[in-house]
$ cat model15.csv   # CSV, C-alpha atoms (C1' of nucleotides)
chain,number,residue,atom,x,y,z
A,1124,MET,CA,204.4,119.3,192.3
A,1125,VAL,CA,205.8,120.3,189.0
A,1126,VAL,CA,209.1,118.5,189.3
A,1127,GLY,CA,209.4,116.0,186.5
A,1128,SER,CA,207.0,117.9,184.2
A,1129,THR,CA,208.0,119.3,180.8
A,1130,ILE,CA,207.2,122.8,179.8
A,1131,ILE,CA,205.7,122.9,176.4
A,1132,SER,CA,205.0,126.6,176.1
A,1133,GLY,CA,205.6,129.8,177.9
A,1134,ARG,CA,204.1,133.3,177.9
A,1135,ALA,CA,205.3,136.4,179.6
A,1136,HIS,CA,204.4,140.1,180.2
A,1137,PRO,CA,206.6,142.2,177.9
A,1138,SER,CA,208.5,143.9,180.8
A,1139,PRO,CA,212.2,142.8,180.8
A,1140,LYS,CA,211.6,141.6,184.3
A,1141,PHE,CA,209.4,138.8,183.1
A,1142,ALA,CA,210.1,138.4,179.3
A,1143,GLU,CA,212.7,135.6,179.7
A,1144,ALA,CA,210.0,133.2,181.1
A,1145,SER,CA,209.3,131.8,177.6
A,1146,ASP,CA,212.9,130.7,177.3
A,1147,ALA,CA,212.1,127.7,179.5
A,1148,THR,CA,209.9,126.2,176.7
A,1149,GLY,CA,210.9,122.7,175.8
A,1150,TYR,CA,212.7,122.0,179.1
A,1151,ARG,CA,211.8,119.5,181.8
A,1152,ILE,CA,211.8,120.6,185.4
A,1153,ARG,CA,214.4,118.4,187.1
A,1154,CYS,CA,214.2,119.8,190.6
A,1155,LEU,CA,213.3,122.9,192.5
A,1156,GLU,CA,215.4,124.5,195.2
A,1157,ARG,CA,215.6,127.8,197.1
A,1158,ARG,CA,218.6,130.1,197.6
A,1159,GLY,CA,218.0,133.2,199.7
A,1160,LYS,CA,214.9,134.8,198.2
A,1161,TYR,CA,215.4,133.1,194.8
A,1162,LEU,CA,213.5,130.0,193.6
A,1163,LEU,CA,215.7,127.9,191.2
A,1164,PHE,CA,214.1,125.4,188.8
A,1165,ALA,CA,216.7,123.1,187.3
A,1166,LEU,CA,215.8,122.5,183.7
A,1167,THR,CA,217.1,119.9,181.2
A,1168,ASN,CA,216.5,119.5,177.5
A,1169,SER,CA,217.5,116.7,175.2
A,1170,VAL,CA,219.0,118.5,172.2
A,1171,ASP,CA,220.0,115.5,170.0
A,1172,ASP,CA,219.6,111.7,169.8
A,1173,LYS,CA,223.1,111.0,170.9
A,1174,GLY,CA,222.2,111.7,174.5
A,1175,GLY,CA,223.3,115.3,174.3
A,1176,TYR,CA,221.4,117.8,176.5
A,1177,SER,CA,221.5,121.3,177.7
A,1178,GLU,CA,220.8,122.6,181.2
A,1179,ARG,CA,219.3,125.8,182.2
A,1180,GLN,CA,217.8,127.3,185.3
A,1181,LEU,CA,214.5,129.1,185.6
A,1182,VAL,CA,215.0,131.7,188.3
A,1183,VAL,CA,212.0,133.3,190.0
A,1184,HIS,CA,212.1,136.1,192.6
A,1185,LEU,CA,208.7,136.7,194.1
A,1186,GLY,CA,209.4,140.3,195.0
A,1187,MET,CA,206.9,141.9,197.3
A,1188,THR,CA,203.7,140.7,195.9
A,1189,GLY,CA,204.5,137.7,193.7
A,1190,ALA,CA,203.2,134.2,194.0
A,1191,LEU,CA,203.4,131.0,191.9
A,1192,TYR,CA,200.3,128.8,191.3
A,1193,VAL,CA,199.6,125.5,189.6
A,1194,ASN,CA,196.2,125.0,188.1
A,1195,ASP,CA,194.5,122.7,185.7
A,1196,SER,CA,193.3,125.6,183.7
A,1197,LEU,CA,194.8,129.0,183.3
A,1198,PRO,CA,192.8,131.6,185.1
A,1199,ASP,CA,192.1,135.0,183.6
A,1200,ASP,CA,193.9,137.3,186.0
A,1201,PRO,CA,195.0,140.9,185.2
A,1202,TYR,CA,198.1,140.5,187.4
A,1203,GLN,CA,199.3,137.3,185.6
A,1204,ARG,CA,202.9,138.1,184.5
A,1205,ALA,CA,204.0,134.8,183.2
A,1206,SER,CA,202.6,131.3,182.6
A,1207,TRP,CA,204.0,128.0,181.5
A,1208,THR,CA,201.9,125.1,180.1
A,1209,LEU,CA,203.1,121.7,181.2
A,1210,ALA,CA,202.9,118.5,179.1
A,1211,ASP,CA,200.3,117.0,181.4
A,1212,GLY,CA,198.0,119.9,180.7
A,1213,ARG,CA,198.5,121.8,183.9
A,1214,HIS,CA,199.7,125.4,184.1
A,1215,LEU,CA,202.3,127.0,186.3
A,1216,TRP,CA,201.8,130.7,186.5
A,1217,PHE,CA,203.1,133.8,188.2
A,1218,ARG,CA,200.9,136.5,189.7
A,1219,ASP,CA,202.6,139.7,190.8
A,1220,VAL,CA,200.5,142.8,191.4
A,1221,ARG,CA,203.3,145.3,191.8
A,1222,ARG,CA,205.7,143.8,189.4
A,1223,PHE,CA,208.6,143.8,191.8
A,1224,GLY,CA,209.2,140.2,191.1
A,1225,ARG,CA,211.6,138.9,188.5
A,1226,ILE,CA,212.0,135.9,186.2
A,1227,ALA,CA,215.1,134.9,184.4
A,1228,VAL,CA,216.2,131.8,182.4
A,1229,VAL,CA,220.0,131.3,182.7
A,1230,PRO,CA,222.6,128.7,181.7
A,1231,ALA,CA,222.8,126.3,184.6
A,1232,ASN,CA,224.6,127.9,187.5
A,1233,ASP,CA,225.6,131.0,185.5
A,1234,TYR,CA,224.2,133.9,187.5
A,1235,ARG,CA,226.1,136.7,185.9
A,1236,SER,CA,222.9,138.4,184.8
A,1237,LEU,CA,221.6,138.4,188.4
A,1238,PRO,CA,224.4,140.1,190.4
A,1239,THR,CA,222.8,139.6,193.8
A,1240,LEU,CA,222.3,135.9,193.2
A,1241,HIS,CA,225.7,135.7,191.7
A,1242,ARG,CA,227.3,136.9,194.9
A,1243,LEU,CA,224.7,135.6,197.3
A,1244,GLY,CA,226.0,134.8,200.9
A,1245,PRO,CA,225.5,131.6,202.8
A,1246,GLU,CA,222.1,130.4,204.0
A,1247,PRO,CA,221.4,131.7,207.5
A,1248,PHE,CA,221.4,128.2,209.1
A,1249,ASP,CA,224.5,127.0,207.2
A,1250,PRO,CA,226.6,125.4,209.9
A,1251,ALA,CA,229.7,126.7,208.1
A,1252,LEU,CA,228.5,130.2,208.9
A,1253,ASP,CA,229.9,131.1,212.3
A,1254,ALA,CA,230.8,134.3,214.0
A,1255,ALA,CA,234.3,134.5,212.5
A,1256,VAL,CA,233.0,133.9,208.9
A,1257,PHE,CA,230.2,136.4,209.4
A,1258,HIS,CA,232.5,139.0,210.9
A,1259,SER,CA,235.1,138.7,208.2
A,1260,SER,CA,232.4,139.1,205.6
A,1261,LEU,CA,231.1,142.2,207.3
A,1262,THR,CA,234.6,143.6,207.5
A,1263,LYS,CA,235.1,143.6,203.8
A,1264,SER,CA,232.9,146.6,203.4
A,1265,ARG,CA,232.5,149.9,205.1
A,1266,ARG,CA,228.8,150.3,204.2
A,1267,ARG,CA,226.3,150.6,207.0
A,1268,ILE,CA,225.6,147.3,208.8
A,1269,LYS,CA,221.9,147.4,207.7
A,1270,THR,CA,222.8,148.1,204.1
A,1271,GLN,CA,225.2,145.1,204.2
A,1272,LEU,CA,222.5,142.8,205.5
A,1273,LEU,CA,220.1,143.9,202.8
A,1274,SER,CA,222.7,143.4,200.1
A,1275,GLN,CA,222.3,139.6,200.7
A,1276,ARG,CA,226.1,139.1,200.7
A,1277,PRO,CA,226.9,138.4,204.3
A,1278,ILE,CA,223.8,136.2,204.6
A,1279,ALA,CA,221.2,135.2,202.1
A,1280,GLY,CA,217.5,136.1,202.6
A,1281,ILE,CA,217.5,139.0,205.1
A,1282,GLY,CA,214.9,141.7,204.2
A,1283,ASN,CA,214.0,145.0,205.7
A,1284,ILE,CA,211.8,143.6,208.5
A,1285,TYR,CA,214.2,140.9,209.8
A,1286,ALA,CA,217.1,143.3,209.5
A,1287,ASP,CA,215.4,145.9,211.8
A,1288,GLU,CA,214.2,143.2,214.2
A,1289,ALA,CA,217.6,141.5,214.5
A,1290,LEU,CA,219.5,144.8,214.9
A,1291,TRP,CA,217.0,145.9,217.6
A,1292,ARG,CA,217.5,142.6,219.5
A,1293,ALA,CA,221.3,142.8,219.2
A,1294,ARG,CA,221.1,146.5,220.2
A,1295,ILE,CA,223.1,147.6,217.2
A,1296,HIS,CA,222.7,150.9,215.5
A,1297,PRO,CA,221.7,150.2,211.9
A,1298,GLY,CA,224.1,152.9,210.6
A,1299,THR,CA,227.1,151.3,212.2
A,1300,ARG,CA,230.0,150.9,209.8
A,1301,ARG,CA,232.3,148.6,211.7
A,1302,VAL,CA,231.4,145.8,214.1
A,1303,GLY,CA,233.8,143.7,216.2
A,1304,LEU,CA,233.7,140.0,216.5
A,1305,GLU,CA,231.6,140.0,219.6
A,1306,ARG,CA,228.8,142.2,218.1
A,1307,ALA,CA,228.9,140.2,214.8
A,1308,ASP,CA,228.4,137.0,216.9
A,1309,ARG,CA,225.5,138.6,218.7
A,1310,LEU,CA,223.9,139.8,215.5
A,1311,LEU,CA,224.2,136.4,213.8
A,1312,GLU,CA,222.6,134.8,216.8
A,1313,HIS,CA,219.7,137.2,216.8
A,1314,LEU,CA,219.2,137.0,213.0
A,1315,ARG,CA,218.9,133.2,213.4
A,1316,GLU,CA,216.5,133.6,216.3
A,1317,VAL,CA,214.3,136.2,214.4
A,1318,LEU,CA,214.1,134.0,211.3
A,1319,SER,CA,213.4,130.7,213.1
A,1320,GLU,CA,210.7,132.3,215.3
A,1321,SER,CA,209.1,133.9,212.3
A,1322,LEU,CA,209.1,130.5,210.5
A,1323,GLN,CA,207.6,128.9,213.6
A,1324,HIS,CA,204.7,131.5,213.4
A,1325,GLY,CA,204.0,131.0,209.7
A,1326,GLY,CA,206.0,134.0,208.4
A,1327,THR,CA,205.2,137.7,208.4
A,1328,THR,CA,202.2,138.9,206.4
A,1329,LEU,CA,202.0,142.7,206.1
A,1330,ARG,CA,199.7,142.7,203.2
A,1331,ASP,CA,200.2,140.1,200.4
A,1332,TYR,CA,202.2,137.2,201.8
A,1333,ARG,CA,200.3,134.0,202.0
A,1334,LYS,CA,201.3,130.5,203.0
A,1335,PRO,CA,200.8,127.8,200.4
A,1336,ASP,CA,197.4,127.0,202.0
A,1337,GLY,CA,196.3,130.6,201.6
A,1338,ASP,CA,196.5,131.5,205.2
A,1339,THR,CA,198.4,134.6,206.4
A,1340,GLY,CA,201.4,134.3,208.7
A,1341,ARG,CA,201.1,135.3,212.3
A,1342,ASN,CA,204.6,136.8,212.9
A,1343,GLN,CA,203.5,140.3,212.1
A,1344,LYS,CA,201.9,140.4,215.6
A,1345,ARG,CA,205.2,139.6,217.2
A,1346,LEU,CA,207.4,142.3,215.7
A,1347,ASP,CA,209.2,144.4,218.3
A,1348,CYS,CA,210.6,147.1,216.1
A,1349,TYR,CA,209.6,147.1,212.4
A,1350,GLY,CA,206.4,149.2,211.9
A,1351,ARG,CA,206.4,150.4,215.5
A,1352,GLY,CA,207.8,153.9,214.9
A,1353,GLY,CA,206.6,156.3,217.6
A,1354,LEU,CA,205.6,153.6,220.0
A,1355,PRO,CA,207.6,152.7,223.1
A,1356,CYS,CA,210.5,150.3,222.9
A,1357,ARG,CA,209.5,147.0,224.6
A,1358,ARG,CA,212.8,146.9,226.4
A,1359,CYS,CA,213.4,150.4,227.7
A,1360,GLY,CA,210.2,152.3,227.0
A,1361,SER,CA,211.7,155.1,225.1
A,1362,GLN,CA,210.3,156.0,221.7
A,1363,LEU,CA,211.2,154.1,218.6
A,1364,VAL,CA,212.2,156.4,215.7
A,1365,VAL,CA,211.9,156.0,212.0
A,1366,GLN,CA,214.8,157.1,209.8
A,1367,ILE,CA,215.8,156.5,206.2
A,1368,PHE,CA,219.1,154.8,205.6
A,1369,ASP,CA,220.1,154.2,202.0
A,1370,GLN,CA,216.6,154.8,200.9
A,1371,ARG,CA,215.2,152.2,203.2
A,1372,THR,CA,212.8,152.9,206.0
A,1373,THR,CA,214.5,151.9,209.3
A,1374,THR,CA,213.0,151.8,212.8
A,1375,ARG,CA,215.3,151.7,215.8
A,1376,CYS,CA,215.4,152.6,219.5
A,1377,VAL,CA,217.3,155.8,220.3
A,1378,ILE,CA,218.5,154.5,223.6
A,1379,CYS,CA,219.1,150.7,223.1
A,1380,GLN,CA,220.6,151.2,219.6
A,1381,ARG,CA,223.1,154.0,220.1
A,1382,ARG,CA,226.2,154.3,217.9
B,14,DC,C1',235.4,147.1,192.0
B,15,DG,C1',232.9,149.5,195.6
B,16,DG,C1',229.7,152.7,197.0
B,17,DG,C1',225.9,155.6,196.5
B,18,DG,C1',221.8,157.0,194.3
B,19,DT,C1',217.8,156.1,191.1
B,20,DT,C1',214.2,153.4,189.2
B,21,DC,C1',210.6,150.2,188.6
B,22,DC,C1',205.0,149.6,189.9
B,23,DT,C1',200.5,149.9,191.9
B,24,DG,C1',197.1,149.3,195.8
B,25,DG,C1',196.1,151.4,199.9
B,26,DC,C1',196.0,155.1,202.8
B,27,DC,C1',195.8,160.1,204.1
B,28,DG,C1',194.1,164.5,203.8
B,29,DC,C1',191.3,167.9,201.7
C,1209,DT,C1',182.2,160.4,198.3
C,1210,DG,C1',186.0,161.6,195.2
C,1211,DC,C1',190.4,162.4,194.1
C,1212,DG,C1',195.3,163.8,194.0
C,1213,DG,C1',199.5,162.7,196.2
C,1214,DC,C1',202.5,159.8,198.6
C,1215,DC,C1',204.4,155.6,200.4
C,1216,DA,C1',206.4,150.7,200.6
C,1217,DG,C1',209.8,147.5,199.2
C,1218,DG,C1',214.2,144.1,196.5
C,1219,DA,C1',217.4,144.4,193.5
C,1220,DA,C1',218.9,145.8,188.9
C,1221,DC,C1',221.1,149.5,186.9
C,1222,DC,C1',223.8,153.6,186.2
C,1223,DC,C1',227.5,156.6,187.3
C,1224,DC,C1',231.7,158.1,189.5
$ encode --input "model15.csv" --output "structure tokens"
Amino acid sequence: MVVGSTIISGRAHPSPKFAEASDATGYRIRCLERRGKYLLFALTNSVDDKGGYSERQLVVHLGMTGALYVNDSLPDDPYQRASWTLADGRHLWFRDVRRFGRIAVVPANDYRSLPTLHRLGPEPFDPALDAAVFHSSLTKSRRRIKTQLLSQRPIAGIGNIYADEALWRARIHPGTRRVGLERADRLLEHLREVLSESLQHGGTTLRDYRKPDGDTGRNQKRLDCYGRGGLPCRRCGSQLVVQIFDQRTTTRCVICQRR
DNA sequence: CGGGGTTCCTGGCCGC
DNA sequence: TGCGGCCAGGAACCCC
């Protein structure tokens, strides 16, 4: 647990994706929360003796292969992209083989430098998110339904796997550009189902993802659609096809998910 | 501003 | 066995 600790120094890989990590130096970690795929460390810093202080946020996106660790001594690891030394001597560090992750230090709640976080949609289990809200959000754009899901705007946290799974369950063609209220309702329901089932099974490990205890998830064995291109649809038996939509690999059933 | 396309990065896998 | 080539994936970024 690093909440309450003060960062006394920071080092980062020179890539602009990580270089801001050292801007957290001198700040105390006040709390840690998650929004969508972003980890947000609230930071405070006493700047004068009259009680003045400044607030920032350390934002970490793990990307595909990223992970955070806390250790008593800093390991020598070629994939270490950033590290922060804490006042109690421990080290928080970020390992990311493929460098798809991202680190930013921003003024508190000012996400203008991170457009996706800036315009991030509601959390999937937010009770205020109902079919009407979801539908009206989807209606604001004419992009393909799958592209909209991946944009993080209608709902926070949906990636390629869960988008394919939920669209398959809801029997919606990923290239659909307009959905009615009824289909939006169905999609929302299936998105929530797909996410909660995956969480129940420890998440989806394709290659790198690990739970905090180091174990892999088990949800990858339960996928119905993603990664099953060429195999028979579990519902109707016809072949699942792989197609690229907006540069993203997409698997769908030709029969169940017609336009 | 919205939408579409490009780019980053590297281990693993495929085929020769 | 070795090696070149290709692929995957999230979001910033660039351009119209």
$ closest_atom_pairs --input "model15.csv" --of "chain A" --to "chain B" --cutoff "12 Å" --atoms "all atoms listed in the file" --output "CSV"
residue,atom,partner,partner_atom,distance
A:Ser1138,CA,B:DC21,C1',10.2
A:Pro1139,CA,B:DC21,C1',10.9
A:Lys1140,CA,B:DC21,C1',9.7
A:Gly1186,CA,B:DC22,C1',11.5
A:Met1187,CA,B:DC22,C1',10.8
A:Thr1188,CA,B:DT23,C1',10.5
A:Tyr1202,CA,B:DT23,C1',10.7
A:Asp1219,CA,B:DC22,C1',10.2
A:Val1220,CA,B:DT23,C1',7.1
A:Arg1221,CA,B:DC22,C1',5.0
A:Arg1222,CA,B:DC22,C1',5.9
A:Phe1223,CA,B:DC22,C1',7.1
A:Gly1224,CA,B:DC22,C1',10.4
A:Arg1225,CA,B:DC21,C1',11.3
A:Lys1263,CA,B:DG15,C1',10.3
A:Ser1264,CA,B:DG15,C1',8.3
A:Arg1265,CA,B:DG16,C1',9.0
A:Arg1266,CA,B:DG16,C1',7.6
A:Arg1267,CA,B:DG16,C1',10.8
A:Thr1270,CA,B:DG16,C1',10.9
A:Gln1271,CA,B:DG16,C1',11.4
A:Arg1330,CA,B:DG25,C1',10.0
A:Asp1331,CA,B:DG24,C1',10.7
A:Phe1368,CA,B:DG17,C1',11.4
A:Asp1369,CA,B:DG17,C1',8.1
A:Gln1370,CA,B:DG18,C1',8.7
$ closest_atom_pairs --input "model15.csv" --of "segment 1244-1361 of chain A" --to "chain C" --cutoff "12 Å" --atoms "all atoms listed in the file" --output "CSV"
residue,atom,partner,partner_atom,distance
A:Leu1273,CA,C:DG1218,C1',8.6
A:Ser1274,CA,C:DA1219,C1',8.5
A:Gln1275,CA,C:DA1219,C1',9.9
A:Gly1280,CA,C:DG1218,C1',10.6
A:Ile1281,CA,C:DG1218,C1',10.5
A:Gly1282,CA,C:DG1218,C1',8.1
A:Asn1283,CA,C:DG1217,C1',8.1
A:Ile1284,CA,C:DG1217,C1',10.3
A:Leu1329,CA,C:DA1216,C1',10.7
A:Arg1330,CA,C:DA1216,C1',10.8
A:Gly1350,CA,C:DA1216,C1',11.4
$ atom_distance --input "model15.csv" --atom1 "atom CA of Gly1298 of chain A" --atom2 "atom CA of Ser1236 of chain A"
29.6 Å
$ axis_aligned_box --input "model15.csv" --around "segment 1210-1215 of chain C" --padding-each-side "5 Å" --output "lines of an AutoDock Vina configuration file"
center_x = 195.2
center_y = 159.7
center_z = 197.2
size_x = 28.4
size_y = 18.2
size_z = 16.4
$ residues_around --input "model15.csv" --residues "segment 1334-1342 of chain A" --least-positions-apart "4" --cutoff "6 Å" --atoms "all atoms listed in the file" --output "list in words"
Ser1321, His1324, Gly1325, Gly1326, Thr1327 and Thr1328 of chain A
$ residues_around --input "model15.csv" --residues "segment 1302-1313 of chain A" --least-positions-apart "5" --cutoff "10 Å" --atoms "all atoms listed in the file" --output "number ranges by chain"
A: 1247-1248, 1252-1262, 1265, 1267-1268, 1278, 1285-1286, 1288-1295, 1318-1319
$ write_last_selection --input "model15.csv" --atoms "C-alpha atoms" --output "PDB file, in the frame of the given file"
ATOM      1  CA  PRO A1247     221.400 131.700 207.500  1.00  0.00           C
ATOM      2  CA  PHE A1248     221.400 128.200 209.100  1.00  0.00           C
ATOM      3  CA  LEU A1252     228.500 130.200 208.900  1.00  0.00           C
ATOM      4  CA  ASP A1253     229.900 131.100 212.300  1.00  0.00           C
ATOM      5  CA  ALA A1254     230.800 134.300 214.000  1.00  0.00           C
ATOM      6  CA  ALA A1255     234.300 134.500 212.500  1.00  0.00           C
ATOM      7  CA  VAL A1256     233.000 133.900 208.900  1.00  0.00           C
ATOM      8  CA  PHE A1257     230.200 136.400 209.400  1.00  0.00           C
ATOM      9  CA  HIS A1258     232.500 139.000 210.900  1.00  0.00           C
ATOM     10  CA  SER A1259     235.100 138.700 208.200  1.00  0.00           C
ATOM     11  CA  SER A1260     232.400 139.100 205.600  1.00  0.00           C
ATOM     12  CA  LEU A1261     231.100 142.200 207.300  1.00  0.00           C
ATOM     13  CA  THR A1262     234.600 143.600 207.500  1.00  0.00           C
ATOM     14  CA  ARG A1265     232.500 149.900 205.100  1.00  0.00           C
ATOM     15  CA  ARG A1267     226.300 150.600 207.000  1.00  0.00           C
ATOM     16  CA  ILE A1268     225.600 147.300 208.800  1.00  0.00           C
ATOM     17  CA  ILE A1278     223.800 136.200 204.600  1.00  0.00           C
ATOM     18  CA  TYR A1285     214.200 140.900 209.800  1.00  0.00           C
ATOM     19  CA  ALA A1286     217.100 143.300 209.500  1.00  0.00           C
ATOM     20  CA  GLU A1288     214.200 143.200 214.200  1.00  0.00           C
ATOM     21  CA  ALA A1289     217.600 141.500 214.500  1.00  0.00           C
ATOM     22  CA  LEU A1290     219.500 144.800 214.900  1.00  0.00           C
ATOM     23  CA  TRP A1291     217.000 145.900 217.600  1.00  0.00           C
ATOM     24  CA  ARG A1292     217.500 142.600 219.500  1.00  0.00           C
ATOM     25  CA  ALA A1293     221.300 142.800 219.200  1.00  0.00           C
ATOM     26  CA  ARG A1294     221.100 146.500 220.200  1.00  0.00           C
ATOM     27  CA  ILE A1295     223.100 147.600 217.200  1.00  0.00           C
ATOM     28  CA  LEU A1318     214.100 134.000 211.300  1.00  0.00           C
ATOM     29  CA  SER A1319     213.400 130.700 213.100  1.00  0.00           C
TER      30      SER A1319
END
$ atom_distance --input "model15.csv" --atom1 "atom CA of Cys1348 of chain A" --atom2 "atom CA of Leu1322 of chain A"
17.6 Å
$ atom_distance --input "model15.csv" --atom1 "atom CA of Leu1209 of chain A" --atom2 "atom CA of Val1125 of chain A"
8.4 Å
$ closest_residue --input "model15.csv" --among "A:Asp1287, A:Asp1195, A:Glu1156, A:Glu1316" --to "Trp1207 of chain A" --atoms "only C-alpha atoms"
A:Asp1195
$ closest_residue --input "model15.csv" --among "A:Ser1128, A:Thr1373, A:Gln1323, A:Thr1239" --to "chain C" --atoms "only C-alpha atoms (C1' of nucleotides)"
A:Thr1239
$ residues_near_point --input "model15.csv" --point "(211.8, 121.8, 188.4)" --cutoff "12 Å" --atoms "all atoms listed in the file" --output "short mmCIF file (atom, residue, chain, number, x, y, z; two decimals) with C-alpha atoms, in the frame of the given file"
data_model
loop_
_atom_site.label_atom_id
_atom_site.label_comp_id
_atom_site.auth_asym_id
_atom_site.auth_seq_id
_atom_site.Cartn_x
_atom_site.Cartn_y
_atom_site.Cartn_z
CA MET A 1124 204.40 119.30 192.30
CA VAL A 1125 205.80 120.30 189.00
CA VAL A 1126 209.10 118.50 189.30
CA GLY A 1127 209.40 116.00 186.50
CA SER A 1128 207.00 117.90 184.20
CA THR A 1129 208.00 119.30 180.80
CA ILE A 1130 207.20 122.80 179.80
CA ALA A 1147 212.10 127.70 179.50
CA TYR A 1150 212.70 122.00 179.10
CA ARG A 1151 211.80 119.50 181.80
CA ILE A 1152 211.80 120.60 185.40
CA ARG A 1153 214.40 118.40 187.10
CA CYS A 1154 214.20 119.80 190.60
CA LEU A 1155 213.30 122.90 192.50
CA GLU A 1156 215.40 124.50 195.20
CA ARG A 1157 215.60 127.80 197.10
CA LEU A 1162 213.50 130.00 193.60
CA LEU A 1163 215.70 127.90 191.20
CA PHE A 1164 214.10 125.40 188.80
CA ALA A 1165 216.70 123.10 187.30
CA LEU A 1166 215.80 122.50 183.70
CA THR A 1167 217.10 119.90 181.20
CA GLU A 1178 220.80 122.60 181.20
CA ARG A 1179 219.30 125.80 182.20
CA GLN A 1180 217.80 127.30 185.30
CA LEU A 1181 214.50 129.10 185.60
CA VAL A 1182 215.00 131.70 188.30
CA VAL A 1183 212.00 133.30 190.00
CA LEU A 1209 203.10 121.70 181.20
CA LEU A 1215 202.30 127.00 186.30
#
$ residues_around --input "model15.csv" --residues "Ala1279 of chain A" --least-positions-apart "4" --cutoff "8 Å" --atoms "only C-alpha atoms (C1' of nucleotides)" --output "short mmCIF file (atom, residue, chain, number, x, y, z; two decimals) with C-alpha atoms, keeping the file's coordinate frame"
data_model
loop_
_atom_site.label_atom_id
_atom_site.label_comp_id
_atom_site.auth_asym_id
_atom_site.auth_seq_id
_atom_site.Cartn_x
_atom_site.Cartn_y
_atom_site.Cartn_z
CA ARG A 1158 218.60 130.10 197.60
CA GLY A 1159 218.00 133.20 199.70
CA LYS A 1160 214.90 134.80 198.20
CA LEU A 1243 224.70 135.60 197.30
CA GLY A 1244 226.00 134.80 200.90
CA PRO A 1245 225.50 131.60 202.80
CA GLU A 1246 222.10 130.40 204.00
CA PRO A 1247 221.40 131.70 207.50
CA GLN A 1275 222.30 139.60 200.70
#
